[in-house]
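Take a look at the structure set out below.
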Amino acid sequence: MPDNSPQTLIRDEIRALSAYHVPDSRGFVKLDAMENPYRLPLDLRAELGQLAADASLNRYPDPGAHRLKQQLRAALDVPAGMDLLLGNGSDELIQILALAVNRPGATLLGVDPSFVMFRMIATIVGLRYVGVALRPDFSLDLPALLAAVQEHRPALTFIAFPNNPTGNLFDPEAVRVLIGASPGLVVIDEAYHAFAGKSFLAELHRFPNLLVMRTLSKLGLAGLRLGMLIGRAEWLIELDKLRLPYNVNVLTQQLAACVLERVDVLEGQAAAIRSERSKVLAALSVIPDIRAFATDANFILFRAPSADTVFGGLKARGVLIKNLNGSHPALTDCLRVTVGTPEENGRFLDALRQSLPQHA
Ligand SMILES: *Cc1c(COP(=O)(O)O)cnc(C)c1O
């Protein structure tokens with residue numbers, strides 16, 4: 001009898017993985033996934049409804065997404081001479097990049113803790129992952145990174161700027177030194193750009209091995225799934241060969257292009273989130289025993305005594321955030337909350353105060 005079970009046929013490293021876990025959030029104040037809490041204005045929603053009704057769903061999408069790319073160029077201030085590659089979320093672009101450089105023995109370099117998909121996608125495609133620990137204050141350990149570059153000669157390096165789950169921007173000069181010293185491609189993941197303001201887009205001309213990645217997910221269109229890589233055509237032409245032909249569907253192309261014509265709406269929402277962020281941070285900073293970390297993103301990382309208990313207490317009170325305790329030694333007793341509407345943030349802060357150990 002041939003042994004054709006999953007145990008023999010599925011690669012060991014895949015069976016050892018645990019699937020990316022998305023908890024059931026129905027009925028909760030949902031502050032776990034860095035989503036924009038605001039809906040679009042009614043007139044824009046009506047316009048999107050009409051576009052969806054008229055869309056040619058019987059046809060394949062434009063494989064080059066020409067109209068959408070034009071809108072993106074304007075909305076993102078893509079530097080002249082640079083090209084765009086679109087993905088079904090930036091997750092797909094991370095996978096395309098990892099597949100493209102995946103020679104035997106090739107290494108993907110990242111920092112730890114950072115966005116879990118860098119390591120997970122490396123494992124899925126069979127790339128070796130090397131993670132260099134951040135300093136205790138979550139800044140880059142540049143000497144350690146340069147040593148890792150020397151030792152492992154990474155084909156691909158990912159730096160999230162600002163970083164997730166820590167929320168901070170790294171020192172741009174340290175990032176520049178890393179890019180300059182890297183023998184491989186360096187991707188700056190700017191998923192939280194709308195909340196940080198700093199970008200490496202203007203440095204694309206300076207570094208031939210640099211690509212910048214953005215997404216519409218944190219800006220307010222997580223449900224559409226649209227990510228983009230920005231950089232030199234010489235890279236994007238090669239990466240485009242790994243992209244499945246119709247990865248950005250008809251509705252995403254049309255609806256995203258329409259919303260981008262009114263990108264001021266999304267920018268206004270991002271500004272409201274930034275202003276709420278300061279208020280939540282100020283409220284957290286006066287709660288005894290809570291230590292909130294500085295943030296340039298739409299979420300706040302904080303340390304609480306007995307984080308598991310606090311997380312459970314919040315959940316019992318109808319508020320879902322992210323428990324990072326146990327995910328990395330540097331994140332012991334850490335929780336991450338996405339900034340929501342003023343009402344949601346109020347409910348979070350009330351539930352937090354009630355969930356702290358000394359409350360009883
Ligand atoms: C949320 C996040 C993304 C998201 O990717 P999409 O697939 O575009 O939704 C990418 N990078 C980082 C660092 C993130 O936190």
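Chain labels follow the order of the structure tokens: the first chain is A, the next B, and so on; residue numbering restarts at 1 in every chain, and ligands are counted from 1 in their shown order.
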Write as an MDAnalysis selection string the residues around ligand 1, taking 7 Å as the cut-off and counting only C-alpha atoms and all ligand atoms.
-> chainID A and resid 34 88:92 115 160 163:164 189 191 215:218 222 225:227
Stretch 90-324 of chain A: which residues are alpha helix (DSSP H) by DSSP, as a PyMOL selection string?
-> chain A and resi 90-100+116-125+142-152+172-181+193-196+233-240+250-260+263-285+307-316
If you count only C-alpha atoms, which residues fall within 10 Å of A:Ile237, apart from same-chain ones fewer than 5 positions away, as an NGL selection string?
-> :A and (83-85 or 232 or 242)
Contacts of A:Ala196 at 8 Å or less, counting only C-alpha atoms, minus same-chain residues fewer than 4 places along, as an NGL selection string?
-> :A and (162 or 169 or 192 or 296-297)
Selection from above, C-alpha atoms, as a PDB file, in the first residue's frame, can you write it?
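Below is the file that was written, out_6.pdb:
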ATOM      1  CA  PRO A 162       6.525  51.880  11.373  1.00  0.00           C
ATOM      2  CA  LEU A 169       9.394  54.192  13.397  1.00  0.00           C
ATOM      3  CA  TYR A 192       1.085  52.414   8.463  1.00  0.00           C
ATOM      4  CA  ASP A 296       3.538  56.184  14.931  1.00  0.00           C
ATOM      5  CA  ALA A 297       0.849  53.737  13.786  1.00  0.00           C
TER       6      ALA A 297
END
Contact residues around A:Glu261 with only C-alpha atoms at 12 Å, ignoring same-chain residues under 3 positions, as JSON, numbers by chain | {"A": [44, 47, 48, 67, 68, 70, 71, 72, 73, 74, 75, 76, 254, 255, 256, 257, 258, 264, 265, 266, 267]}
Using only C-alpha atoms: which of A:Leu42, A:Leu324, A:Leu108, A:Ala283 has the shortest distance to A:Phe348 |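 Ranking A:Leu42, A:Leu324, A:Leu108, A:Ala283 by distance to A:Phe348, first place goes to A:Ala283.
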Any idea what's packed within 10 Å of A:Ala294, counting only C-alpha atoms, ignoring anything in its chain fewer than 3 positions away? Could you give it as a ChimeraX atom specification?
-> /A:137,166-169,278,281,291,297,299-302
Pick out each residue of stretch 118-183 of chain A that DSSP on the backbone tags as strand (DSSP E); I need them as a PyMOL selection string.
-> chain A and resi 128-133+156-160
Output C-alpha atoms of each residue in that selection to a file, as a PDB file, in the first residue's frame.
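Dumped everything to part.pdb:
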ATOM      1  CA  ARG A 128      15.665  30.432   5.520  1.00  0.00           C
ATOM      2  CA  TYR A 129      14.496  33.142   7.933  1.00  0.00           C
ATOM      3  CA  VAL A 130      16.957  35.064  10.109  1.00  0.00           C
ATOM      4  CA  GLY A 131      15.474  37.508  12.610  1.00  0.00           C
ATOM      5  CA  VAL A 132      17.705  40.030  14.392  1.00  0.00           C
ATOM      6  CA  ALA A 133      16.378  41.020  17.825  1.00  0.00           C
ATOM      7  CA  LEU A 156      15.740  39.796   0.792  1.00  0.00           C
ATOM      8  CA  THR A 157      15.262  42.000   3.871  1.00  0.00           C
ATOM      9  CA  PHE A 158      11.959  43.329   5.229  1.00  0.00           C
ATOM     10  CA  ILE A 159      11.719  46.356   7.502  1.00  0.00           C
ATOM     11  CA  ALA A 160       8.261  47.491   8.597  1.00  0.00           C
TER      12      ALA A 160
END
Write out as a PyMOL selection string the residues lying within 10 Å of A:Val177, counting only C-alpha atoms and excluding same-chain residues fewer than 4 positions away.
-> chain A and resi 142+146+172-173+181-182
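One distance worth recording is that between atom CA of A:Arg103 and atom CA of A:Ala155, which is 9.0 Å.
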Which of these residues is nearest to A:Gln253, using only C-alpha atoms: A:Leu331, A:Leu224, A:Ala147, A:Val187?
-> A:Leu224
Smallest atom-to-atom distance to A:Ala53: which of A:Val250, A:Met82, A:Ala202, A:Leu352, using only C-alpha atoms?
->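 Among the listed residues, the smallest separation from A:Ala53 belongs to A:Val250.
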Selected residue, from A:Gln150, A:Asp24, A:Val212, A:Ser327, that lies nearest to A:Leu93 when counting only C-alpha atoms |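 Comparing A:Gln150, A:Asp24, A:Val212, A:Ser327 against A:Leu93, the winner is A:Val212.
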